[in-house]
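Heads up, data-v2.tsv below (TSV, C-alpha atoms):
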chain	number	residue	atom	x	y	z
A	1	MET	CA	11.47	-17.42	16.80
A	2	LYS	CA	14.97	-16.05	16.27
A	3	LEU	CA	14.90	-13.46	13.51
A	4	ASP	CA	17.98	-14.41	11.55
A	5	ARG	CA	18.31	-15.53	7.95
A	6	ALA	CA	17.40	-19.11	8.83
A	7	GLY	CA	14.35	-17.96	10.77
A	8	ILE	CA	13.22	-15.74	7.92
A	9	LEU	CA	13.46	-18.60	5.43
A	10	LYS	CA	11.61	-20.91	7.83
A	11	ALA	CA	8.81	-18.36	8.15
A	12	ALA	CA	8.69	-17.97	4.38
A	13	GLU	CA	8.17	-21.71	4.02
A	14	LYS	CA	5.44	-21.77	6.67
A	15	ILE	CA	3.34	-18.99	5.18
A	16	SER	CA	4.01	-19.82	1.53
A	17	ASN	CA	1.12	-19.71	-0.92
A	18	TRP	CA	3.16	-21.08	-3.83
A	19	GLY	CA	0.95	-23.36	-5.88
A	20	ARG	CA	-2.13	-22.74	-3.73
A	21	TRP	CA	-4.02	-21.18	-6.63
A	22	GLY	CA	-2.20	-23.02	-9.38
A	23	ALA	CA	1.24	-22.96	-10.94
A	24	ASP	CA	0.33	-20.03	-13.21
A	25	ASP	CA	-1.16	-17.76	-10.52
A	26	GLN	CA	-0.08	-14.12	-10.67
A	27	ILE	CA	-2.37	-12.34	-8.16
A	28	GLY	CA	-1.60	-14.10	-4.87
A	29	THR	CA	-3.81	-13.26	-1.90
A	30	LEU	CA	-6.20	-11.29	-4.07
A	31	ASN	CA	-7.59	-14.73	-4.93
A	32	ASN	CA	-9.20	-14.55	-1.49
A	33	VAL	CA	-11.71	-11.97	-2.77
A	34	THR	CA	-14.84	-13.50	-4.29
A	35	PRO	CA	-17.61	-11.88	-6.35
A	36	THR	CA	-19.88	-12.38	-3.34
A	37	ASP	CA	-17.39	-10.45	-1.21
A	38	ILE	CA	-17.50	-7.53	-3.64
A	39	VAL	CA	-21.30	-7.47	-3.68
A	40	GLY	CA	-21.28	-7.53	0.11
A	41	ALA	CA	-18.75	-4.71	0.22
A	42	GLY	CA	-21.04	-2.59	-1.93
A	43	GLN	CA	-23.75	-2.99	0.68
A	44	LEU	CA	-21.48	-1.26	3.22
A	45	ILE	CA	-22.18	2.05	1.47
A	46	ARG	CA	-24.78	3.58	3.78
A	47	LYS	CA	-24.24	7.34	3.81
A	48	GLY	CA	-22.51	7.96	0.48
A	49	LYS	CA	-19.45	9.56	2.07
A	50	VAL	CA	-16.25	9.18	0.05
A	51	PHE	CA	-12.71	9.39	1.42
A	52	SER	CA	-9.66	9.73	-0.81
A	53	LEU	CA	-6.74	7.83	0.65
A	54	GLY	CA	-4.17	9.25	-1.74
A	55	LEU	CA	-1.54	11.62	-0.39
A	56	SER	CA	-1.05	14.84	-2.34
A	57	LEU	CA	1.60	14.41	-5.02
A	58	LYS	CA	2.92	17.82	-4.04
A	59	GLU	CA	4.18	16.50	-0.69
A	60	PRO	CA	7.99	16.13	-0.89
A	61	ILE	CA	8.20	12.79	0.88
A	62	GLN	CA	11.14	11.28	-1.02
A	63	SER	CA	14.59	11.95	0.36
A	64	GLY	CA	16.73	9.70	-1.84
A	65	LEU	CA	17.37	7.23	0.98
A	66	PHE	CA	16.05	4.32	-1.06
A	67	GLY	CA	16.37	3.41	-4.72
A	68	GLY	CA	17.13	6.91	-5.96
A	69	ARG	CA	13.43	7.80	-6.03
A	70	TRP	CA	12.55	11.44	-6.55
A	71	ASN	CA	9.44	13.47	-5.78
A	72	PRO	CA	6.81	13.85	-8.51
A	73	ILE	CA	7.60	16.65	-10.95
A	74	HIS	CA	4.53	18.43	-12.29
A	75	THR	CA	5.19	20.44	-15.44
A	76	MET	CA	2.73	22.69	-17.26
A	77	LEU	CA	2.85	22.23	-21.04
A	78	ALA	CA	0.24	24.87	-21.84
A	79	THR	CA	-1.36	27.50	-19.65
A	80	GLY	CA	-4.04	30.15	-19.50
A	81	THR	CA	-1.38	32.85	-19.73
A	82	ASP	CA	-0.31	31.30	-23.04
A	83	ALA	CA	-3.92	31.44	-24.18
A	84	LYS	CA	-4.45	35.09	-23.20
A	85	LEU	CA	-1.27	36.12	-25.00
A	86	GLY	CA	-2.50	34.44	-28.18
A	87	ASN	CA	0.37	31.98	-28.18
A	88	GLN	CA	-2.01	29.10	-28.89
A	89	ASP	CA	-3.80	30.64	-31.86
A	90	GLU	CA	-1.42	29.12	-34.39
A	91	PRO	CA	-1.83	26.73	-36.10
A	92	PHE	CA	-5.30	26.07	-34.60
A	93	PRO	CA	-7.20	29.32	-33.98
A	94	TYR	CA	-9.71	29.46	-31.13
A	95	LEU	CA	-8.53	26.32	-29.35
A	96	ARG	CA	-7.25	27.61	-26.04
A	97	TYR	CA	-6.39	25.13	-23.30
A	98	ALA	CA	-4.22	23.97	-20.39
A	99	ASP	CA	-2.10	20.84	-20.54
A	100	ASP	CA	0.49	19.26	-18.27
A	101	ALA	CA	2.76	16.31	-17.55
A	102	ILE	CA	4.02	14.43	-14.54
A	103	ASN	CA	7.37	12.70	-14.03
A	104	MET	CA	7.61	10.32	-11.08
A	105	PRO	CA	8.80	6.91	-9.90
A	106	CYS	CA	5.91	4.46	-9.70
A	107	GLN	CA	6.34	4.28	-5.91
A	108	ALA	CA	6.96	7.94	-5.16
A	109	SER	CA	3.67	8.46	-3.32
A	110	THR	CA	0.55	6.46	-2.43
A	111	GLN	CA	1.07	3.20	-4.29
A	112	TRP	CA	0.80	-0.55	-4.61
A	113	ASP	CA	3.77	-2.90	-4.63
A	114	ALA	CA	3.47	-5.45	-7.43
A	115	LEU	CA	4.26	-9.07	-6.59
A	116	CYS	CA	7.42	-8.78	-8.71
A	117	HIS	CA	8.71	-5.99	-6.45
A	118	VAL	CA	10.58	-8.13	-3.91
A	119	PHE	CA	12.59	-11.34	-4.38
A	120	LEU	CA	13.29	-14.11	-1.90
A	121	ASP	CA	16.86	-14.83	-2.92
A	122	ASP	CA	16.44	-15.36	-6.68
A	123	LYS	CA	12.75	-16.23	-6.70
A	124	MET	CA	9.50	-14.27	-6.86
A	125	TYR	CA	6.05	-15.28	-5.67
A	126	ASN	CA	4.88	-18.69	-6.86
A	127	GLY	CA	8.43	-19.73	-7.75
A	128	TYR	CA	8.92	-17.45	-10.74
A	129	ASP	CA	12.56	-16.65	-11.39
A	130	ALA	CA	13.78	-13.16	-10.56
A	131	SER	CA	15.43	-12.92	-13.99
A	132	LEU	CA	11.94	-12.62	-15.49
A	133	VAL	CA	12.15	-8.97	-14.43
A	134	ASP	CA	14.55	-7.13	-16.72
A	135	VAL	CA	14.99	-3.63	-18.14
A	136	ARG	CA	11.84	-4.06	-20.22
A	137	GLY	CA	9.74	-4.80	-17.16
A	138	ALA	CA	8.32	-7.91	-15.50
A	139	LYS	CA	7.32	-10.83	-17.69
A	140	LYS	CA	5.51	-12.31	-14.69
A	141	LEU	CA	3.73	-10.73	-11.72
A	142	GLY	CA	3.57	-7.21	-13.21
A	143	ILE	CA	1.13	-4.75	-11.68
A	144	GLU	CA	-1.21	-5.09	-14.68
A	145	HIS	CA	-2.42	-8.45	-13.39
A	146	VAL	CA	-4.20	-6.80	-10.45
A	147	ARG	CA	-5.66	-3.80	-12.28
A	148	ASP	CA	-9.21	-5.14	-11.79
A	149	LYS	CA	-8.67	-6.83	-8.43
A	150	MET	CA	-8.26	-4.03	-5.89
A	151	VAL	CA	-11.87	-3.84	-4.79
A	152	GLY	CA	-13.77	-5.28	-1.85
A	153	ARG	CA	-14.38	-4.85	1.86
A	154	GLY	CA	-11.97	-2.46	3.50
A	155	ILE	CA	-11.40	-2.18	7.22
A	156	LEU	CA	-9.39	0.35	9.18
A	157	LEU	CA	-7.39	-0.73	12.20
A	158	ASP	CA	-6.54	2.54	13.92
A	159	VAL	CA	-3.73	1.25	16.10
A	160	ALA	CA	-2.53	4.73	17.08
A	161	ARG	CA	-5.96	5.75	18.38
A	162	PHE	CA	-6.36	2.36	20.07
A	163	LYS	CA	-3.09	3.07	21.89
A	164	SER	CA	-4.37	6.56	22.82
A	165	VAL	CA	-1.54	8.36	21.01
A	166	ASP	CA	-1.40	10.76	18.07
A	167	HIS	CA	1.22	8.57	16.46
A	168	LEU	CA	3.21	5.47	17.30
A	169	ASP	CA	6.88	6.01	18.08
A	170	ASP	CA	9.53	5.37	15.46
A	171	GLY	CA	10.74	1.81	15.85
A	172	TYR	CA	7.50	0.59	17.42
A	173	ALA	CA	6.81	-2.93	16.11
A	174	ILE	CA	3.08	-3.54	15.77
A	175	THR	CA	2.30	-7.04	17.03
A	176	SER	CA	-0.35	-9.56	16.10
A	177	GLU	CA	-1.85	-8.94	19.53
A	178	ASP	CA	-2.05	-5.21	18.76
A	179	LEU	CA	-3.98	-5.94	15.56
A	180	THR	CA	-6.30	-8.42	17.25
A	181	CYS	CA	-7.01	-6.22	20.26
A	182	CYS	CA	-7.51	-3.13	18.09
A	183	ALA	CA	-10.07	-4.97	15.97
A	184	GLU	CA	-11.87	-6.19	19.07
A	185	ALA	CA	-11.95	-2.69	20.57
A	186	GLN	CA	-13.37	-1.31	17.34
A	187	LYS	CA	-15.89	-4.18	17.15
A	188	VAL	CA	-14.79	-5.08	13.64
A	189	VAL	CA	-14.02	-8.62	12.51
A	190	VAL	CA	-11.11	-9.22	10.15
A	191	LYS	CA	-12.40	-11.57	7.44
A	192	LYS	CA	-10.91	-13.56	4.62
A	193	GLY	CA	-10.47	-11.34	1.55
A	194	ASP	CA	-10.39	-8.04	3.47
A	195	PHE	CA	-8.28	-5.05	2.50
A	196	VAL	CA	-6.79	-4.14	5.88
A	197	ILE	CA	-5.57	-0.56	6.37
A	198	VAL	CA	-3.53	0.20	9.49
A	199	ARG	CA	-3.06	3.71	10.85
A	200	THR	CA	0.12	4.50	12.78
A	201	GLY	CA	-0.18	8.30	12.67
A	202	HIS	CA	3.38	8.54	11.33
A	203	GLN	CA	2.37	10.33	8.14
A	204	GLU	CA	0.15	12.79	10.03
A	205	ARG	CA	3.09	13.72	12.25
A	206	CYS	CA	5.10	14.59	9.16
A	207	LEU	CA	2.22	16.58	7.67
A	208	ALA	CA	1.70	18.53	10.90
A	209	LYS	CA	5.40	19.37	11.24
A	210	LYS	CA	5.85	19.92	7.49
A	211	ASP	CA	8.94	17.81	7.84
A	212	TRP	CA	9.37	14.63	5.81
A	213	SER	CA	12.99	13.98	6.73
A	214	GLY	CA	13.46	10.26	7.30
A	215	TYR	CA	9.94	9.32	6.21
A	216	ALA	CA	11.17	7.52	3.09
A	217	GLY	CA	13.50	4.79	4.27
A	218	GLY	CA	14.12	6.12	7.77
A	219	ASN	CA	12.95	4.96	11.18
A	220	ALA	CA	9.21	4.41	11.53
A	221	PRO	CA	6.57	2.42	13.37
A	222	GLY	CA	5.27	-0.55	11.44
A	223	PHE	CA	4.44	-4.21	11.32
A	224	GLY	CA	6.63	-6.50	13.36
A	225	PHE	CA	7.91	-9.57	11.56
A	226	GLU	CA	5.65	-11.96	13.47
A	227	THR	CA	2.54	-10.35	11.97
A	228	CYS	CA	3.25	-12.29	8.78
A	229	PHE	CA	1.72	-15.33	10.50
A	230	TRP	CA	-1.36	-13.32	11.55
A	231	LEU	CA	-1.87	-12.12	7.98
A	232	ARG	CA	-1.54	-15.65	6.62
A	233	GLU	CA	-3.99	-16.97	9.21
A	234	LYS	CA	-6.54	-14.26	8.43
A	235	ASP	CA	-6.14	-14.76	4.66
A	236	VAL	CA	-6.54	-11.05	3.95
A	237	ALA	CA	-6.47	-9.76	0.38
A	238	ALA	CA	-4.02	-6.93	1.02
A	239	ILE	CA	-2.37	-4.90	3.76
A	240	CYS	CA	-1.94	-1.12	3.64
A	241	SER	CA	-0.55	1.55	5.93
A	242	ASP	CA	0.20	5.25	6.24
A	243	THR	CA	3.95	4.67	6.44
A	244	TRP	CA	6.51	4.55	3.64
A	245	GLY	CA	7.25	0.83	3.91
A	246	CYS	CA	4.60	-0.75	6.17
A	247	GLU	CA	7.07	-2.72	8.30
A	248	VAL	CA	8.87	-1.40	11.36
A	249	ARG	CA	12.16	0.41	10.95
A	250	PRO	CA	14.89	0.04	12.09
A	251	ASN	CA	14.63	-3.57	10.97
A	252	GLU	CA	14.36	-6.21	13.67
A	253	THR	CA	17.47	-7.97	12.38
A	254	LYS	CA	20.77	-7.01	10.80
A	255	GLU	CA	20.76	-10.11	8.61
A	256	ALA	CA	18.17	-8.76	6.18
A	257	ASN	CA	16.92	-5.44	4.93
A	258	GLN	CA	13.10	-5.27	5.13
A	259	PRO	CA	12.76	-8.89	6.37
A	260	TRP	CA	8.94	-8.69	6.56
A	261	HIS	CA	8.89	-7.74	2.86
A	262	TRP	CA	11.03	-10.80	2.18
A	263	VAL	CA	8.23	-13.13	3.18
A	264	VAL	CA	4.86	-11.43	2.73
A	265	ILE	CA	5.36	-10.49	-0.92
A	266	PRO	CA	7.42	-13.28	-2.54
A	267	SER	CA	6.29	-16.13	-0.29
A	268	MET	CA	2.71	-15.27	0.66
A	269	GLY	CA	1.92	-13.26	-2.46
A	270	LEU	CA	0.40	-10.47	-0.39
A	271	SER	CA	-0.46	-7.19	-2.09
A	272	MET	CA	0.87	-4.22	-0.14
A	273	GLY	CA	-0.26	-0.59	-0.23
A	274	GLU	CA	2.03	2.08	1.17
A	275	ILE	CA	1.88	5.82	1.96
A	276	PHE	CA	-1.93	5.78	2.33
A	277	TYR	CA	-3.50	9.00	3.63
A	278	VAL	CA	-5.96	7.90	6.31
A	279	LYS	CA	-6.48	10.92	8.57
A	280	ASP	CA	-9.95	11.90	7.34
A	281	LEU	CA	-11.20	8.33	7.20
A	282	ALA	CA	-9.88	7.62	10.70
A	283	GLU	CA	-11.61	10.67	12.16
A	284	ASP	CA	-14.92	9.66	10.60
A	285	CYS	CA	-14.58	6.07	11.82
A	286	ALA	CA	-13.84	7.30	15.33
A	287	GLN	CA	-16.96	9.46	15.19
A	288	ASP	CA	-19.50	6.96	13.88
A	289	LYS	CA	-17.75	3.82	15.21
A	290	VAL	CA	-17.96	2.15	11.80
A	291	TYR	CA	-14.60	0.78	10.68
A	292	GLU	CA	-15.67	-1.10	7.55
A	293	PHE	CA	-16.36	0.33	4.11
A	294	PHE	CA	-16.36	-0.28	0.38
A	295	PHE	CA	-12.80	-0.08	-0.87
A	296	CYS	CA	-11.55	0.50	-4.41
A	297	ALA	CA	-7.95	1.28	-5.39
A	298	PRO	CA	-7.05	0.27	-8.94
A	299	PRO	CA	-3.43	0.59	-10.03
A	300	LEU	CA	-2.49	2.00	-13.41
A	301	HIS	CA	-2.57	-0.40	-16.34
A	302	LEU	CA	1.21	-0.58	-16.64
A	303	PRO	CA	2.32	-3.92	-18.14
A	304	GLY	CA	5.46	-5.17	-16.43
A	305	GLY	CA	5.33	-2.56	-13.67
A	306	ALA	CA	6.86	-3.32	-10.26
A	307	GLY	CA	4.46	-0.91	-8.61
A	308	SER	CA	1.87	1.72	-9.40
A	309	PRO	CA	0.49	4.99	-8.07
A	310	THR	CA	-3.12	4.84	-6.90
A	311	ASN	CA	-5.74	7.14	-5.39
A	312	PRO	CA	-7.63	4.72	-3.14
A	313	GLN	CA	-11.27	5.36	-2.28
A	314	ALA	CA	-13.05	4.34	0.91
A	315	ILE	CA	-16.82	4.78	0.68
A	316	LYS	CA	-19.10	4.55	3.75
What would you get if you wrote out this structure as structure tokens?
Amino acid sequence: MKLDRAGILKAAEKISNWGRWGADDQIGTLNNVTPTDIVGAGQLIRKGKVFSLGLSLKEPIQSGLFGGRWNPIHTMLATGTDAKLGNQDEPFPYLRYADDAINMPCQASTQWDALCHVFLDDKMYNGYDASLVDVRGAKKLGIEHVRDKMVGRGILLDVARFKSVDHLDDGYAITSEDLTCCAEAQKVVVKKGDFVIVRTGHQERCLAKKDWSGYAGGNAPGFGFETCFWLREKDVAAICSDTWGCEVRPNETKEANQPWHWVVIPSMGLSMGEIFYVKDLAEDCAQDKVYEFFFCAPPLHLPGGAGSPTNPQAIK
């Protein structure tokens, strides 16, 4: 298909889930996860090994290229040096403590996009009007609606390792064939309701070089536009990656910024996790050849939020 505005809108219509789970639905593809799926995912825990998929909040990944986002600011409000100096003894003697605060955009590090995050023209997922998101937050599709939904069977598709490279090149568009062949090579079946995590190696390159220039909003490997049809066919619960924005950059068209986002979030209602740290999990999967696990990644309970930080857990 030609990737122009008309083609994007045609794809959006083809993969649309509007009305599939009712006119009032606010969780989209997370409807694909059943209680039976969650019980089955729990049975994937065989060795009790836990992997945190959250990138350190101290990593300065934001460069201001998109949305004016800044890096998390961690501020100490009370410290042990205060305690030793006696500065905390008034007005409450003998209570000595440490306390702190954090200031950050909701999507400054490892995070979920809410379904109100991206609009298709002036509409959100399920036909809700974009004006329902105002300065007070989202009246529909806020991140709070999925706070108890991000749990189930997780699978890792290590595309970089499948391609025998440390990391995919910037601008490499992952294809549906790449995803299918990677799954086959890993002997893992992508099932309805899965949380699919894709490793490109892009984040690890930045970590190794201690250079995050361009990571946020710059060129990167990622999902090609045509994978939206693969994701709709597989009926996954969510898609996650180690890159800043999941889809390939530069964009595959000049007629839209983030065209893949245009369709998978507002049309399909697909939950998307970005900036996932997958190095340790990927190394373990490569060692034991097990690419499925129990996955849990709740967002913060932030009513009206367009996104939320998370510290995802993969348990094998």
What separates atom CA of A:Glu13 and atom CA of A:Gly269 is a distance of 12.3 Å
re atom CA of A:Asp99 and atom CA of A:Met76: distance 6.1 Å
Computed gap from atom CA of A:Ala286 to atom CA of A:Trp260 is 29.2 Å
_Expected answer as a PyMOL selection string: all residues with atoms within 8 Å of (1.1, 5.7, 5.6), all atoms listed in the file_ = chain A and resi 199-203+240-244+246+274-278
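Near A:Thr29, within 7 Å and counting only C-alpha atoms, sit Ile27, Asn31, Asn32, Val236, Ala237, Ala238, Gly269, Leu270 and Ser271 of chain A, not including residues fewer than 2 positions from it in the same chain.
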Between A:Ile61, A:Ala98, A:Leu168, A:Val196, smallest distance to A:Gly80 by all atoms listed in the file belongs to A:Ala98
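For the set A:Thr34, A:Gln186, A:Ser52, A:Asn17, the residue with the smallest atom-to-atom gap to A:Ile315 is A:Ser52, counting all atoms listed in the file.
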Counting all atoms listed in the file, which residues in stretch 176-283 of chain A sit no more than 9 Å from stretch 125-134 of chain A? For each one, give the nearest pair of atoms and the distance in Å, sorted by chain then residue number, as a tab-separated table.
residue	atom	partner	partner_atom	distance
A:Ile265	CA	A:Tyr125	CA	6.8
A:Pro266	CA	A:Tyr125	CA	4.0
A:Ser267	CA	A:Tyr125	CA	5.5
A:Met268	CA	A:Tyr125	CA	7.2
A:Gly269	CA	A:Tyr125	CA	5.6
Preceding selection exported with C-alpha atoms as an mmCIF file, in the frame of the given file:
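Okay, selection.cif is ready:
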data_model
loop_
_atom_site.group_PDB
_atom_site.id
_atom_site.type_symbol
_atom_site.label_atom_id
_atom_site.label_comp_id
_atom_site.auth_asym_id
_atom_site.auth_seq_id
_atom_site.Cartn_x
_atom_site.Cartn_y
_atom_site.Cartn_z
ATOM 1 C CA ILE A 265 5.360 -10.490 -0.920
ATOM 2 C CA PRO A 266 7.420 -13.280 -2.540
ATOM 3 C CA SER A 267 6.290 -16.130 -0.290
ATOM 4 C CA MET A 268 2.710 -15.270 0.660
ATOM 5 C CA GLY A 269 1.920 -13.260 -2.460
#
Missing atoms in stretch 23-33 of chain A should be modelled up to all heavy atoms and reported as a CSV table (one decimal), in the frame of the given file.
chain,number,residue,atom,x,y,z
A,23,ALA,N,-0.1,-23.3,-10.6
A,23,ALA,CA,1.2,-23.0,-10.9
A,23,ALA,C,1.4,-21.7,-11.7
A,23,ALA,O,2.5,-21.1,-11.8
A,23,ALA,CB,1.8,-24.1,-11.7
A,24,ASP,N,0.3,-21.2,-12.4
A,24,ASP,CA,0.3,-20.0,-13.2
A,24,ASP,C,-0.2,-18.8,-12.5
A,24,ASP,O,-0.3,-17.7,-13.1
A,24,ASP,CB,-0.5,-20.3,-14.5
A,24,ASP,CG,0.1,-21.4,-15.3
A,24,ASP,OD1,1.3,-21.5,-15.3
A,24,ASP,OD2,-0.7,-22.1,-16.0
A,25,ASP,N,-0.5,-18.9,-11.2
A,25,ASP,CA,-1.2,-17.8,-10.5
A,25,ASP,C,-0.2,-16.5,-10.5
A,25,ASP,O,1.0,-16.7,-10.3
A,25,ASP,CB,-1.5,-18.2,-9.1
A,25,ASP,CG,-2.1,-17.0,-8.3
A,25,ASP,OD1,-3.1,-16.5,-8.8
A,25,ASP,OD2,-1.6,-16.7,-7.2
A,26,GLN,N,-0.8,-15.4,-10.7
A,26,GLN,CA,-0.1,-14.1,-10.7
A,26,GLN,C,-0.7,-13.0,-9.8
A,26,GLN,O,-0.3,-11.9,-9.9
A,26,GLN,CB,0.1,-13.6,-12.1
A,26,GLN,CG,0.9,-14.5,-13.0
A,26,GLN,CD,1.5,-13.9,-14.2
A,26,GLN,OE1,2.3,-13.0,-14.2
A,26,GLN,NE2,1.0,-14.3,-15.4
A,27,ILE,N,-1.7,-13.4,-9.0
A,27,ILE,CA,-2.4,-12.3,-8.2
A,27,ILE,C,-2.3,-12.7,-6.7
A,27,ILE,O,-2.7,-11.8,-5.8
A,27,ILE,CB,-3.8,-12.1,-8.6
A,27,ILE,CG1,-4.7,-13.3,-8.3
A,27,ILE,CG2,-3.9,-11.7,-10.1
A,27,ILE,CD1,-6.2,-13.0,-8.5
A,28,GLY,N,-1.8,-13.8,-6.3
A,28,GLY,CA,-1.6,-14.1,-4.9
A,28,GLY,C,-2.8,-14.0,-4.0
A,28,GLY,O,-3.9,-14.5,-4.4
A,29,THR,N,-2.7,-13.3,-2.9
A,29,THR,CA,-3.8,-13.3,-1.9
A,29,THR,C,-5.1,-12.6,-2.4
A,29,THR,O,-6.1,-12.7,-1.7
A,29,THR,CB,-3.3,-12.6,-0.6
A,29,THR,OG1,-2.8,-11.3,-0.9
A,29,THR,CG2,-2.2,-13.4,0.1
A,30,LEU,N,-5.0,-11.9,-3.5
A,30,LEU,CA,-6.2,-11.3,-4.1
A,30,LEU,C,-7.2,-12.4,-4.5
A,30,LEU,O,-8.3,-12.1,-4.8
A,30,LEU,CB,-5.8,-10.3,-5.2
A,30,LEU,CG,-5.1,-9.1,-4.8
A,30,LEU,CD1,-4.6,-8.3,-6.0
A,30,LEU,CD2,-6.0,-8.2,-3.9
A,31,ASN,N,-6.7,-13.6,-4.7
A,31,ASN,CA,-7.6,-14.7,-4.9
A,31,ASN,C,-8.6,-14.9,-3.8
A,31,ASN,O,-9.6,-15.6,-4.0
A,31,ASN,CB,-6.8,-16.0,-5.1
A,31,ASN,CG,-6.1,-16.1,-6.5
A,31,ASN,OD1,-6.8,-16.4,-7.5
A,31,ASN,ND2,-4.8,-16.0,-6.5
A,32,ASN,N,-8.3,-14.4,-2.6
A,32,ASN,CA,-9.2,-14.6,-1.5
A,32,ASN,C,-10.5,-13.7,-1.6
A,32,ASN,O,-11.4,-14.0,-0.9
A,32,ASN,CB,-8.5,-14.1,-0.2
A,32,ASN,CG,-7.4,-15.1,0.2
A,32,ASN,OD1,-7.6,-16.3,0.1
A,32,ASN,ND2,-6.3,-14.6,0.8
A,33,VAL,N,-10.5,-12.8,-2.6
A,33,VAL,CA,-11.7,-12.0,-2.8
A,33,VAL,C,-12.6,-12.6,-3.8
A,33,VAL,O,-12.2,-12.9,-4.9
A,33,VAL,CB,-11.3,-10.6,-3.3
A,33,VAL,CG1,-12.6,-9.7,-3.4
A,33,VAL,CG2,-10.3,-9.9,-2.4
